[in-house]
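Trainee: Input file: run_15.cif. Contents: mmCIF, C-alpha atoms (C1' of nucleotides).
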data_model
loop_
_atom_site.label_atom_id
_atom_site.label_comp_id
_atom_site.auth_asym_id
_atom_site.auth_seq_id
_atom_site.Cartn_x
_atom_site.Cartn_y
_atom_site.Cartn_z
CA MET A 1 0.27 37.92 -37.46
CA GLN A 2 -0.15 36.31 -34.06
CA PRO A 3 2.48 33.61 -33.47
CA PHE A 4 -0.08 31.56 -31.53
CA SER A 5 -3.74 30.96 -32.13
CA PHE A 6 -6.20 28.17 -31.56
CA GLU A 7 -9.10 27.46 -33.84
CA VAL A 8 -11.90 25.14 -32.87
CA ILE A 9 -12.97 23.69 -36.21
CA LYS A 10 -15.76 21.56 -34.92
CA THR A 11 -17.41 20.64 -31.66
CA CYS A 12 -18.71 17.10 -31.36
CA ALA A 13 -22.48 16.79 -31.46
CA GLN A 14 -22.58 13.90 -28.97
CA THR A 15 -19.75 14.68 -26.55
CA GLY A 16 -17.58 17.52 -25.29
CA ALA A 17 -14.90 16.70 -27.86
CA ARG A 18 -13.51 19.34 -30.18
CA LEU A 19 -11.53 19.28 -33.37
CA GLY A 20 -9.05 22.09 -33.64
CA VAL A 21 -5.74 23.46 -34.83
CA LEU A 22 -3.10 25.09 -32.68
CA HIS A 23 -0.81 27.40 -34.63
CA THR A 24 2.75 27.84 -33.32
CA PRO A 25 5.96 29.38 -34.67
CA HIS A 26 7.20 25.90 -35.59
CA GLY A 27 4.06 24.68 -37.26
CA ASP A 28 0.44 23.73 -36.80
CA ILE A 29 -0.83 21.01 -34.52
CA GLU A 30 -4.13 19.30 -35.20
CA THR A 31 -6.03 18.60 -32.01
CA PRO A 32 -6.86 16.48 -30.16
CA CYS A 33 -3.18 15.52 -30.15
CA TYR A 34 -0.79 13.23 -28.34
CA MET A 35 2.69 14.56 -27.58
CA PRO A 36 5.57 12.10 -27.15
CA VAL A 37 7.77 12.89 -24.17
CA GLY A 38 11.44 13.76 -24.58
CA THR A 39 12.35 14.64 -21.02
CA ARG A 40 16.06 15.18 -21.57
CA ALA A 41 15.87 16.69 -25.02
CA THR A 42 15.38 13.28 -26.61
CA VAL A 43 12.44 10.96 -26.89
CA LYS A 44 14.16 7.92 -25.49
CA ALA A 45 15.24 5.43 -28.16
CA MET A 46 13.91 7.63 -30.97
CA SER A 47 15.80 9.98 -33.26
CA PRO A 48 14.13 13.10 -34.65
CA ARG A 49 14.09 11.25 -37.97
CA ASP A 50 12.03 8.47 -36.36
CA LEU A 51 9.69 11.06 -34.87
CA LEU A 52 9.18 12.77 -38.23
CA ASP A 53 8.65 9.36 -39.78
CA VAL A 54 5.78 8.57 -37.36
CA ASP A 55 4.63 12.17 -37.90
CA ALA A 56 4.74 13.38 -34.31
CA PRO A 57 3.41 16.96 -34.51
CA ILE A 58 5.00 18.20 -31.27
CA ILE A 59 7.12 16.77 -28.48
CA LEU A 60 7.67 17.57 -24.82
CA SER A 61 10.82 18.27 -22.92
CA ASN A 62 11.47 19.05 -19.30
CA THR A 63 12.70 22.12 -17.49
CA TYR A 64 13.81 20.34 -14.34
CA HIS A 65 15.99 17.81 -16.17
CA LEU A 66 17.53 20.23 -18.67
CA TYR A 67 18.23 22.79 -15.96
CA LEU A 68 20.22 20.20 -14.00
CA ARG A 69 21.88 18.78 -17.10
CA PRO A 70 23.23 20.15 -19.36
CA GLY A 71 21.99 23.51 -17.99
CA HIS A 72 19.60 25.96 -19.63
CA GLU A 73 22.33 28.48 -20.46
CA LEU A 74 24.15 25.84 -22.46
CA VAL A 75 20.95 25.11 -24.38
CA ARG A 76 20.56 28.84 -25.03
CA GLU A 77 24.15 28.94 -26.34
CA ALA A 78 23.29 26.06 -28.64
CA GLY A 79 20.57 28.23 -30.13
CA GLY A 80 17.70 26.86 -28.08
CA LEU A 81 16.14 23.42 -27.81
CA HIS A 82 15.05 23.13 -31.45
CA SER A 83 18.57 23.73 -32.67
CA PHE A 84 20.25 21.77 -29.86
CA MET A 85 18.26 18.59 -30.46
CA ALA A 86 17.67 19.10 -34.18
CA TRP A 87 13.89 18.96 -33.96
CA PRO A 88 12.12 21.28 -36.43
CA ARG A 89 8.57 21.02 -35.14
CA PRO A 90 6.94 22.50 -32.02
CA ILE A 91 8.19 21.73 -28.51
CA LEU A 92 6.47 22.13 -25.15
CA THR A 93 8.49 22.30 -21.94
CA ASP A 94 7.01 21.08 -18.70
CA SER A 95 7.93 23.40 -15.86
CA GLY A 96 9.51 20.89 -13.52
CA GLY A 97 6.79 21.41 -10.93
CA PHE A 98 5.92 17.75 -11.09
CA GLN A 99 9.53 16.54 -10.94
CA VAL A 100 10.43 18.71 -7.98
CA PHE A 101 7.78 16.83 -6.03
CA SER A 102 8.09 13.38 -7.53
CA LEU A 103 11.88 13.19 -7.65
CA GLY A 104 13.22 15.54 -5.02
CA ASP A 105 13.45 13.54 -1.81
CA THR A 106 14.11 16.53 0.38
CA ASN A 107 12.07 19.36 -1.06
CA ARG A 108 10.63 22.19 0.98
CA VAL A 109 7.81 24.39 -0.23
CA TYR A 110 7.90 28.09 0.59
CA GLU A 111 5.71 30.89 -0.62
CA ASP A 112 8.59 32.02 -2.79
CA GLY A 113 9.23 28.64 -4.38
CA VAL A 114 10.54 25.14 -3.79
CA GLU A 115 13.91 24.18 -2.45
CA PHE A 116 15.02 20.76 -3.63
CA ARG A 117 18.05 18.57 -4.03
CA SER A 118 19.29 17.42 -7.39
CA HIS A 119 18.73 13.71 -7.96
CA ILE A 120 22.01 13.73 -9.90
CA ASP A 121 24.50 15.14 -7.42
CA GLY A 122 22.50 16.09 -4.34
CA GLY A 123 23.14 19.78 -4.88
CA LYS A 124 20.63 22.23 -3.39
CA HIS A 125 18.51 24.34 -5.74
CA LEU A 126 15.62 26.77 -5.50
CA PHE A 127 12.88 26.95 -8.12
CA THR A 128 10.70 30.04 -8.03
CA PRO A 129 8.14 30.99 -10.66
CA GLU A 130 10.53 33.69 -11.92
CA LYS A 131 13.46 31.29 -12.08
CA VAL A 132 11.46 28.68 -13.98
CA MET A 133 10.30 31.28 -16.50
CA GLN A 134 13.89 32.32 -17.02
CA ILE A 135 14.88 28.70 -17.64
CA GLU A 136 11.97 27.95 -19.95
CA GLN A 137 12.69 31.06 -22.00
CA ALA A 138 16.33 30.04 -22.30
CA LEU A 139 15.23 26.62 -23.51
CA GLY A 140 13.05 28.38 -26.06
CA ALA A 141 10.22 25.89 -26.56
CA ASP A 142 7.08 27.02 -28.38
CA ILE A 143 4.97 26.39 -25.30
CA ALA A 144 6.08 26.84 -21.69
CA MET A 145 4.19 25.64 -18.64
CA CYS A 146 3.70 27.57 -15.42
CA PHE A 147 5.51 26.41 -12.32
CA ASP A 148 2.89 24.65 -10.21
CA GLU A 149 2.60 22.47 -7.16
CA CYS A 150 1.23 19.03 -7.82
CA ALA A 151 -0.04 17.72 -4.49
CA PRO A 152 0.57 14.01 -4.07
CA TYR A 153 -2.32 11.55 -4.17
CA PRO A 154 -3.93 11.17 -1.77
CA SER A 155 -3.80 14.56 -0.01
CA ASP A 156 -6.33 15.98 2.40
CA GLU A 157 -8.51 18.87 1.37
CA PRO A 158 -6.83 21.61 3.42
CA TYR A 159 -3.41 20.81 1.99
CA THR A 160 -4.76 20.37 -1.54
CA LYS A 161 -6.43 23.74 -1.28
CA ALA A 162 -3.31 25.44 0.05
CA ALA A 163 -1.24 23.95 -2.79
CA MET A 164 -3.87 25.02 -5.29
CA LEU A 165 -3.97 28.62 -4.05
CA ARG A 166 -0.17 28.72 -4.06
CA THR A 167 -0.25 27.44 -7.64
CA HIS A 168 -2.57 30.30 -8.57
CA ARG A 169 -0.26 32.88 -6.99
CA TRP A 170 2.70 31.31 -8.75
CA ALA A 171 0.78 31.33 -12.04
CA LYS A 172 0.34 35.09 -11.69
CA ARG A 173 4.06 35.50 -11.01
CA CYS A 174 4.92 33.27 -13.98
CA GLN A 175 2.77 35.44 -16.19
CA GLN A 176 4.46 38.60 -14.98
CA ALA A 177 7.94 37.16 -15.38
CA HIS A 178 7.27 35.71 -18.80
CA THR A 179 8.23 38.15 -21.55
CA GLY A 180 8.41 37.96 -25.31
CA HIS A 181 5.87 36.75 -27.81
CA ASP A 182 7.62 33.82 -29.42
CA GLN A 183 6.63 31.46 -26.62
CA ALA A 184 3.14 30.69 -25.34
CA LEU A 185 2.62 30.26 -21.61
CA PHE A 186 0.00 27.82 -20.36
CA GLY A 187 -1.59 27.97 -16.92
CA ILE A 188 -2.21 24.84 -14.89
CA VAL A 189 -5.35 23.95 -12.97
CA GLN A 190 -4.90 21.99 -9.73
CA GLY A 191 -7.31 20.98 -6.97
CA GLY A 192 -6.54 17.31 -6.39
CA MET A 193 -9.54 15.02 -6.25
CA TYR A 194 -11.96 17.64 -4.90
CA ALA A 195 -14.53 18.74 -7.47
CA SER A 196 -15.19 22.06 -5.74
CA LEU A 197 -11.48 22.89 -5.72
CA ARG A 198 -11.15 21.84 -9.35
CA ILE A 199 -13.92 24.26 -10.28
CA GLU A 200 -12.41 27.04 -8.21
CA SER A 201 -9.01 26.43 -9.79
CA ALA A 202 -10.37 26.25 -13.33
CA LYS A 203 -12.10 29.61 -12.84
CA ALA A 204 -9.02 31.24 -11.32
CA ILE A 205 -6.70 30.05 -14.08
CA ALA A 206 -9.25 30.97 -16.76
CA ASP A 207 -9.38 34.51 -15.36
CA MET A 208 -5.65 34.90 -15.92
CA ASP A 209 -6.20 34.58 -19.65
CA PHE A 210 -3.34 32.27 -20.61
CA ILE A 211 -2.95 31.18 -24.24
CA GLY A 212 -3.76 27.66 -23.16
CA ASN A 213 -4.91 25.92 -20.00
CA ALA A 214 -3.63 22.68 -18.60
CA ILE A 215 -5.09 20.22 -16.15
CA GLY A 216 -2.45 19.06 -13.71
CA GLY A 217 -2.51 16.78 -10.72
CA LEU A 218 -4.49 14.00 -12.37
CA SER A 219 -3.30 10.53 -13.37
CA VAL A 220 -1.18 10.47 -10.24
CA GLY A 221 -2.39 7.11 -8.94
CA GLU A 222 -6.10 7.71 -8.47
CA PRO A 223 -8.70 5.36 -10.04
CA LYS A 224 -9.55 6.27 -13.62
CA GLY A 225 -13.19 6.88 -12.75
CA MET A 226 -12.12 9.52 -10.26
CA MET A 227 -10.06 11.28 -12.92
CA TYR A 228 -13.03 11.28 -15.30
CA ASP A 229 -15.27 12.71 -12.57
CA MET A 230 -12.80 15.54 -12.01
CA LEU A 231 -12.63 16.28 -15.73
CA GLU A 232 -16.41 16.42 -15.96
CA ALA A 233 -16.65 18.72 -12.95
CA MET A 234 -14.09 21.24 -14.15
CA MET A 235 -14.47 21.24 -17.93
CA PRO A 236 -17.44 23.67 -18.03
CA PHE A 237 -15.10 26.24 -16.48
CA MET A 238 -12.21 25.72 -18.88
CA PRO A 239 -12.39 28.39 -21.65
CA PRO A 240 -13.70 26.68 -24.81
CA GLY A 241 -11.78 28.92 -27.16
CA LYS A 242 -8.40 27.85 -25.79
CA PRO A 243 -6.54 24.56 -25.90
CA ARG A 244 -7.00 22.30 -22.88
CA TYR A 245 -4.03 20.14 -22.06
CA LEU A 246 -4.50 17.10 -19.82
CA MET A 247 -1.04 16.53 -18.40
CA GLY A 248 0.51 13.11 -18.14
CA VAL A 249 -2.31 11.21 -19.84
CA GLY A 250 -2.32 8.65 -21.21
CA SER A 251 -3.11 5.21 -22.30
CA PRO A 252 -5.42 4.83 -25.33
CA ASP A 253 -8.53 4.43 -23.14
CA CYS A 254 -7.69 7.56 -21.14
CA LEU A 255 -7.02 9.49 -24.35
CA ILE A 256 -10.46 8.87 -25.82
CA GLU A 257 -12.18 9.37 -22.46
CA GLY A 258 -10.27 12.63 -22.04
CA VAL A 259 -11.22 13.81 -25.52
CA ILE A 260 -14.87 12.97 -24.90
CA ARG A 261 -14.70 15.21 -21.83
CA GLY A 262 -13.20 18.10 -23.76
CA ALA A 263 -9.40 17.80 -23.56
CA ASP A 264 -7.34 18.71 -26.63
CA MET A 265 -3.74 17.88 -25.77
CA PHE A 266 -2.11 14.95 -24.00
CA ASP A 267 1.36 13.72 -23.19
CA CYS A 268 2.43 10.45 -21.67
CA VAL A 269 5.62 8.55 -20.99
CA LEU A 270 3.79 5.24 -20.90
CA GLN A 271 4.30 4.53 -24.60
CA THR A 272 8.07 4.79 -24.52
CA ARG A 273 8.53 3.46 -21.01
CA ILE A 274 6.66 0.22 -21.59
CA ALA A 275 8.39 -0.08 -24.97
CA ARG A 276 11.71 -0.34 -23.12
CA ASN A 277 10.26 -3.18 -21.10
CA GLY A 278 9.00 -5.19 -24.03
CA LEU A 279 5.33 -4.18 -24.06
CA ALA A 280 3.48 -3.20 -27.23
CA LEU A 281 0.18 -1.33 -27.50
CA THR A 282 -1.99 -2.86 -30.20
CA HIS A 283 -5.50 -2.71 -31.64
CA PHE A 284 -6.25 -5.75 -29.49
CA GLY A 285 -4.74 -4.60 -26.24
CA ARG A 286 -1.28 -4.79 -24.76
CA ARG A 287 1.10 -7.49 -25.89
CA MET A 288 4.05 -8.49 -23.72
CA LEU A 289 6.41 -9.43 -26.53
CA ARG A 290 8.95 -10.67 -24.01
CA ASN A 291 6.69 -13.64 -23.33
CA LYS A 292 7.45 -17.09 -24.58
CA GLU A 293 4.26 -17.37 -26.62
CA PHE A 294 5.90 -15.09 -29.20
CA ALA A 295 9.18 -17.03 -29.51
CA ARG A 296 8.13 -18.57 -32.83
CA ASP A 297 5.52 -16.03 -33.85
CA PHE A 298 6.56 -14.67 -37.22
CA SER A 299 3.71 -12.19 -37.59
CA PRO A 300 4.09 -8.42 -37.04
CA ILE A 301 3.64 -6.76 -33.63
CA ASP A 302 0.18 -5.56 -34.66
CA GLU A 303 -1.29 -6.98 -37.85
CA ASN A 304 -3.29 -3.78 -38.39
CA CYS A 305 -0.38 -1.37 -38.02
CA ALA A 306 1.60 0.31 -40.80
CA CYS A 307 4.58 1.51 -38.78
CA TYR A 308 8.19 0.78 -39.71
CA ALA A 309 8.50 -1.90 -37.03
CA CYS A 310 5.33 -3.70 -38.06
CA LYS A 311 6.07 -3.52 -41.77
CA ASN A 312 9.54 -5.01 -41.44
CA PHE A 313 9.94 -7.17 -38.33
CA THR A 314 8.32 -10.12 -36.60
CA ARG A 315 7.27 -10.70 -33.01
CA ALA A 316 9.80 -13.53 -32.82
CA TYR A 317 12.63 -11.22 -33.87
CA ILE A 318 11.60 -8.47 -31.46
CA ARG A 319 11.29 -11.00 -28.63
CA HIS A 320 14.81 -12.16 -29.44
CA LEU A 321 16.05 -8.55 -29.27
CA ILE A 322 14.31 -8.04 -25.90
CA LYS A 323 15.75 -11.26 -24.44
CA ALA A 324 19.20 -10.36 -25.75
CA LYS A 325 18.80 -6.84 -24.31
CA GLU A 326 19.54 -5.32 -27.69
CA ILE A 327 18.96 -1.58 -28.08
CA LEU A 328 16.95 -2.13 -31.25
CA ALA A 329 14.17 -3.75 -29.19
CA ALA A 330 13.51 -0.45 -27.41
CA GLN A 331 13.82 1.47 -30.66
CA LEU A 332 11.35 -0.64 -32.63
CA LEU A 333 8.82 -0.88 -29.80
CA SER A 334 9.05 2.87 -29.13
CA ILE A 335 8.48 3.60 -32.82
CA HIS A 336 5.51 1.26 -32.79
CA ASN A 337 3.92 2.51 -29.56
CA ILE A 338 4.25 6.16 -30.59
CA TYR A 339 2.99 5.48 -34.09
CA TYR A 340 0.09 3.47 -32.70
CA THR A 341 -0.89 6.21 -30.24
CA LEU A 342 -0.67 8.93 -32.91
CA HIS A 343 -2.80 6.70 -35.11
CA CYS A 344 -5.36 6.44 -32.29
CA MET A 345 -5.50 10.24 -32.13
CA LYS A 346 -6.00 10.39 -35.88
CA GLU A 347 -8.89 7.94 -35.56
CA ILE A 348 -10.33 10.14 -32.82
CA ARG A 349 -10.10 13.27 -34.98
CA GLU A 350 -11.76 11.48 -37.90
CA ALA A 351 -14.51 10.27 -35.60
CA ILE A 352 -15.18 13.77 -34.25
CA LYS A 353 -15.37 15.03 -37.85
CA GLU A 354 -17.98 12.39 -38.60
CA ASP A 355 -19.87 12.60 -35.30
CA ARG A 356 -19.14 9.01 -34.32
CA LEU A 357 -16.76 9.35 -31.39
CA LEU A 358 -18.89 7.28 -29.02
CA ARG A 359 -19.13 4.55 -31.64
CA LEU A 360 -15.34 4.60 -31.98
CA ARG A 361 -15.02 4.14 -28.23
CA GLY A 362 -17.36 1.15 -28.49
CA GLU A 363 -15.26 -0.33 -31.29
CA TRP A 364 -12.06 0.07 -29.31
CA ALA A 365 -13.65 -1.56 -26.29
CA ALA A 366 -15.03 -4.43 -28.36
CA ARG A 367 -11.68 -5.35 -29.85
CA GLY A 368 -9.79 -5.02 -26.55
CA GLY A 369 -7.97 -1.83 -27.48
CA MET A 370 -9.07 -0.11 -24.27
CA ASP A 371 -7.01 -2.44 -22.06
"C1'" G B 372 51.87 -43.89 -13.38
"C1'" U B 373 52.40 -40.79 -8.47
"C1'" G B 374 50.66 -36.77 -5.44
"C1'" G B 375 47.09 -32.87 -4.75
"C1'" G B 376 42.46 -30.29 -5.83
"C1'" U B 377 37.34 -29.81 -7.45
"C1'" A B 378 32.28 -31.92 -7.99
"C1'" U B 379 25.69 -28.32 -4.55
"C1'" A B 380 19.67 -24.89 -9.18
"C1'" G B 381 20.34 -24.21 -16.55
"C1'" U B 382 25.20 -21.33 -15.24
"C1'" U B 383 28.84 -19.15 -11.56
"C1'" C B 384 29.26 -20.05 -6.62
"C1'" A B 385 27.90 -19.74 -0.64
"C1'" G B 386 26.91 -23.41 2.75
"C1'" A B 387 32.65 -22.97 10.89
"C1'" U B 388 32.78 -27.19 14.66
"C1'" G B 389 27.24 -33.07 11.34
"C1'" G B 390 21.04 -30.75 13.44
"C1'" U B 391 13.98 -27.80 10.95
"C1'" U B 392 11.54 -26.98 4.50
"C1'" A B 393 20.03 -26.58 1.28
"C1'" G B 394 20.87 -20.27 -0.02
"C1'" A B 395 22.67 -16.04 -3.39
"C1'" A B 396 23.63 -14.01 -8.07
"C1'" U B 397 22.47 -14.73 -12.95
"C1'" G B 398 19.34 -17.22 -16.32
"C1'" C B 399 14.25 -19.05 -17.06
"C1'" C B 400 8.64 -18.10 -16.46
"C1'" A B 401 5.01 -14.35 -15.44
"C1'" G B 402 3.04 -9.57 -13.68
"C1'" A B 403 3.60 -4.03 -12.99
"C1'" U B 404 4.66 0.68 -15.46
"C1'" U B 405 0.26 7.41 -17.23
"C1'" G B 406 3.29 16.05 -16.68
"C1'" U B 407 10.12 9.41 -17.24
"C1'" G B 408 15.82 9.46 -11.50
"C1'" G B 409 16.34 5.19 -19.48
"C1'" C B 410 17.90 -0.19 -19.57
"C1'" U B 411 13.54 -0.66 -13.43
"C1'" C B 412 10.40 -2.96 -9.80
"C1'" U B 413 7.42 -7.29 -7.93
"C1'" G B 414 6.33 -12.34 -7.85
"C1'" G B 415 7.06 -17.60 -9.34
"C1'" A B 416 9.20 -22.20 -10.89
"C1'" G B 417 13.69 -24.84 -10.58
"C1'" G B 418 18.44 -29.02 -6.73
"C1'" U B 419 17.78 -37.69 -5.63
"C1'" C B 420 24.08 -31.88 -2.87
"C1'" G B 421 28.85 -36.61 -9.10
"C1'" U B 422 27.85 -42.12 -8.08
"C1'" G B 423 27.84 -46.45 -4.61
"C1'" G B 424 28.64 -48.08 0.20
"C1'" G B 425 29.57 -47.04 5.51
"C1'" U B 426 29.52 -44.34 10.59
"C1'" U B 427 25.47 -41.77 13.34
"C1'" C B 428 19.20 -40.70 16.45
"C1'" A B 429 20.63 -37.34 12.30
"C1'" A B 430 25.31 -36.59 6.55
"C1'" A B 431 25.88 -31.48 1.30
"C1'" U B 432 29.17 -31.76 5.78
"C1'" C B 433 32.80 -37.50 8.64
"C1'" C B 434 35.07 -42.43 6.50
"C1'" C B 435 35.88 -45.93 2.22
"C1'" A B 436 35.45 -46.95 -2.82
"C1'" U B 437 34.43 -45.23 -7.61
"C1'" U B 438 33.72 -41.76 -11.89
"C1'" A B 439 34.65 -37.07 -14.37
"C1'" C B 440 37.46 -32.80 -14.85
"C1'" C B 441 41.78 -29.61 -13.33
"C1'" C B 442 46.95 -28.87 -11.53
"C1'" A B 443 51.88 -30.54 -10.38
"C1'" C B 444 55.58 -34.24 -10.86
"C1'" C B 445 57.43 -38.66 -13.38
#
How would this structure read if it were set down as structure tokens?

Mentor:
Amino acid sequence: MQPFSFEVIKTCAQTGARLGVLHTPHGDIETPCYMPVGTRATVKAMSPRDLLDVDAPIILSNTYHLYLRPGHELVREAGGLHSFMAWPRPILTDSGGFQVFSLGDTNRVYEDGVEFRSHIDGGKHLFTPEKVMQIEQALGADIAMCFDECAPYPSDEPYTKAAMLRTHRWAKRCQQAHTGHDQALFGIVQGGMYASLRIESAKAIADMDFIGNAIGGLSVGEPKGMMYDMLEAMMPFMPPGKPRYLMGVGSPDCLIEGVIRGADMFDCVLQTRIARNGLALTHFGRRMLRNKEFARDFSPIDENCACYACKNFTRAYIRHLIKAKEILAAQLLSIHNIYYTLHCMKEIREAIKEDRLLRLRGEWAARGGMD
RNA sequence: GUGGGUAUAGUUCAGAUGGUUAGAAUGCCAGAUUGUGGCUCUGGAGGUCGUGGGUUCAAAUCCCAUUACCCACC
């Protein structure tokens, strides 16, 4: 039996949305799905027990960070990421392509790869497609991402095109260097904010026949409308029989807009990052629980939520924890934000099943949940 | 009781020789955050300079008195 397969169970009658299941060695993932981010082999402020409790189907981790610390060979010695971090469900590792460019202050791009300095100790390193494949295979996630170049926003067309073509060549090298069948490799489409490049990139990556295809280089600071335009331009060229992963997205509004345009997988640090700063996502929009208006508010974070934090604690208590800089504030808000986002995805899947995805979007907008 | 010291933002403190609108940190209030350099960044409000006199064109700053607290000695 194939360790990986993707079934499209239903295609939405009104939009480009699809309902599907992605089968992996560590379990099945219903799509569209949201994947919490655990950059350094931990979803910040959440234990695997918390993640199972909110029923996260899959989590992300990061090649760049784990390579620098503790080192991929150490993770291999530990028996791979699943064993090392005690997470039984699927894992996807990002390739580090994004981090090399967003974190490395002195990186240099060559045809062979990228030379960068560690943000931890300043040490010099070289990432090539082959090296990244070696690292990702040592980490042993279910899904590995190709090493790509994410051009910064804004970038001019000539540079964006050069980075895109380099990404295609690197994708080919990743594919050749990637061996074994217990890990799926996904290709990444680039092309910046140029529709013609997006289409060209989608076709090129599709031709390489990866198990799944990702959309990179979006949600990097551009207006949301621009991101949606890019998705609409490229989606007809993204193979319908394979999962489409929109990298780095997103907030609840971007999730439903992405699904409507045909994306199946999403990841985003927003949920856990804003949780650590006292912000909760709710059915009625974002709530800054740090604010004084909640000092004597003894209702739950979100009155319509069934998560552990909402069932047991009040806004007043969580505000107190935030003001006192207690760790539990980040824990409870992370649990809530992840639970809430996973719940949104569940609502989206139900709506696709019942052909009412556009109505769901209208309902979210009406109650303020798209803010 | 005697001698000395301190008193400036909610708090801890900066403010040479007197000179525009008295600063910082922290706290407080509010924003930001989208393939994460975890606990960050940005902005805002907040002070009759212990009190009362005096000198001076001008006093947080110099002089006198007074109050509170701290230290030493009796």

Trainee: Give me the residues of chain B that have any atom at most 10 Å from an atom of chain A; for each, the nearest atom pair and the distance in Å, rounded to one decimal. Use all atoms listed in the file, sort by chain and number, and format it as a tab-separated table.

Mentor:
residue	atom	partner	partner_atom	distance
B:C400	C1'	A:Lys292	CA	8.3
B:A401	C1'	A:Asn291	CA	8.1
B:U404	C1'	A:Ile274	CA	6.5
B:U405	C1'	A:Gly250	CA	4.9
B:G406	C1'	A:Gly248	CA	4.3
B:U407	C1'	A:Val269	CA	5.9
B:G408	C1'	A:His119	CA	6.2
B:G409	C1'	A:Lys44	CA	7.0
B:C410	C1'	A:Arg276	CA	7.1
B:U411	C1'	A:Asn277	CA	8.7

Trainee: Any idea what's packed within 12 Å of U422 in chain B, counting all atoms listed in the file, ignoring anything in its chain fewer than 3 positions away? Could you give it as a list in words?

Mentor: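 The contact residues come out as A378, U419, A436, U437, U438 and A439 of chain B.
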
Trainee: Need the neighbours of (-13.5, 12.7, -32.4): which residues are at most 9 Å away, counting all atoms listed in the file, as a PDB file with C-alpha atoms, keeping the file's coordinate frame?

Mentor:
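Now in point.pdb:
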ATOM      1  CA  THR A  11     -17.410  20.640 -31.660  1.00  0.00           C
ATOM      2  CA  CYS A  12     -18.710  17.100 -31.360  1.00  0.00           C
ATOM      3  CA  THR A  15     -19.750  14.680 -26.550  1.00  0.00           C
ATOM      4  CA  ALA A  17     -14.900  16.700 -27.860  1.00  0.00           C
ATOM      5  CA  ARG A  18     -13.510  19.340 -30.180  1.00  0.00           C
ATOM      6  CA  LEU A  19     -11.530  19.280 -33.370  1.00  0.00           C
ATOM      7  CA  PRO A  32      -6.860  16.480 -30.160  1.00  0.00           C
ATOM      8  CA  ILE A 256     -10.460   8.870 -25.820  1.00  0.00           C
ATOM      9  CA  VAL A 259     -11.220  13.810 -25.520  1.00  0.00           C
ATOM     10  CA  ILE A 260     -14.870  12.970 -24.900  1.00  0.00           C
ATOM     11  CA  MET A 345      -5.500  10.240 -32.130  1.00  0.00           C
ATOM     12  CA  LYS A 346      -6.000  10.390 -35.880  1.00  0.00           C
ATOM     13  CA  GLU A 347      -8.890   7.940 -35.560  1.00  0.00           C
ATOM     14  CA  ILE A 348     -10.330  10.140 -32.820  1.00  0.00           C
ATOM     15  CA  ARG A 349     -10.100  13.270 -34.980  1.00  0.00           C
ATOM     16  CA  GLU A 350     -11.760  11.480 -37.900  1.00  0.00           C
ATOM     17  CA  ALA A 351     -14.510  10.270 -35.600  1.00  0.00           C
ATOM     18  CA  ILE A 352     -15.180  13.770 -34.250  1.00  0.00           C
ATOM     19  CA  LYS A 353     -15.370  15.030 -37.850  1.00  0.00           C
ATOM     20  CA  GLU A 354     -17.980  12.390 -38.600  1.00  0.00           C
ATOM     21  CA  ASP A 355     -19.870  12.600 -35.300  1.00  0.00           C
ATOM     22  CA  ARG A 356     -19.140   9.010 -34.320  1.00  0.00           C
ATOM     23  CA  LEU A 357     -16.760   9.350 -31.390  1.00  0.00           C
ATOM     24  CA  LEU A 358     -18.890   7.280 -29.020  1.00  0.00           C
ATOM     25  CA  LEU A 360     -15.340   4.600 -31.980  1.00  0.00           C
TER      26      LEU A 360
END

Trainee: Which residues, named as in the file, does the PyMOL selection byres ((chain A and resi 196) around 12) pick out? Answer as a list in words.

Mentor: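 Applying the expression gives Glu157, Thr160, Lys161, Met164, Gln190, Gly191, Gly192, Met193, Tyr194, Ala195, Leu197, Arg198, Ile199, Glu200, Ser201, Ala202, Lys203, Asp229, Met230, Leu231, Glu232, Ala233, Met234 and Phe237 of chain A.
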
Trainee: Calculated over all atoms listed in the file, which of the candidates B:U379, B:U388, B:U432, B:U397 has the smallest distance to C420 in chain B?

Mentor: B:U379

Trainee: Please evaluate the PyMOL selection byres ((chain A and resi 285) around 6) against the displayed coordinates and give the resulting residues as a list in words.

Mentor: Thr282, His283, Phe284, Arg286, Gly368, Gly369 and Asp371 of chain A

Trainee: Figure out the distance between CA of Val189 in chain A and CA of Asp156 in chain A, please, to one decimal in Å.

Mentor: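 Answer for the CA of Asp156 in chain A to CA of Val189 in chain A separation: 17.3 Å.
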
Trainee: Tell me which residues the PyMOL selection byres ((chain B and resi 428) around 12) grabs here, as a VMD selection string.

Mentor: chain B and resid 390 427 429

Trainee: Kindly indicate which residue among A:Glu7, A:Asp182, A:Asp302, A:Glu149 lies nearest to His23 in chain A, using all atoms listed in the file for the distances.

Mentor: A:Glu7

Trainee: Quick one: pull the distance between CA of Arg361 in chain A and CA of Pro252 in chain A, Å, one decimal.

Mentor: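 Atom-to-atom, CA of Arg361 in chain A and CA of Pro252 in chain A are spaced 10.1 Å apart.
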
Trainee: Between CA of Ser61 in chain A and CA of Arg166 in chain A, what is the distance, to one decimal in Å?

Mentor: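 Those two atoms sit 24.2 Å apart.
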
Trainee: Pick from A:Cys146, A:Leu321, A:Ala263, A:Tyr153: nearest to Met208 in chain A, with all atoms listed in the file counted?

Mentor: A:Cys146

Trainee: Find the residues around Pro239 in chain A up to 10 Å (only C-alpha atoms (C1' of nucleotides) counted), leave out those fewer than 4 positions away in its own chain, and share them as a PyMOL selection string.

Mentor: chain A and resi 202-203+205-207+209-210+212-213+235+243-244
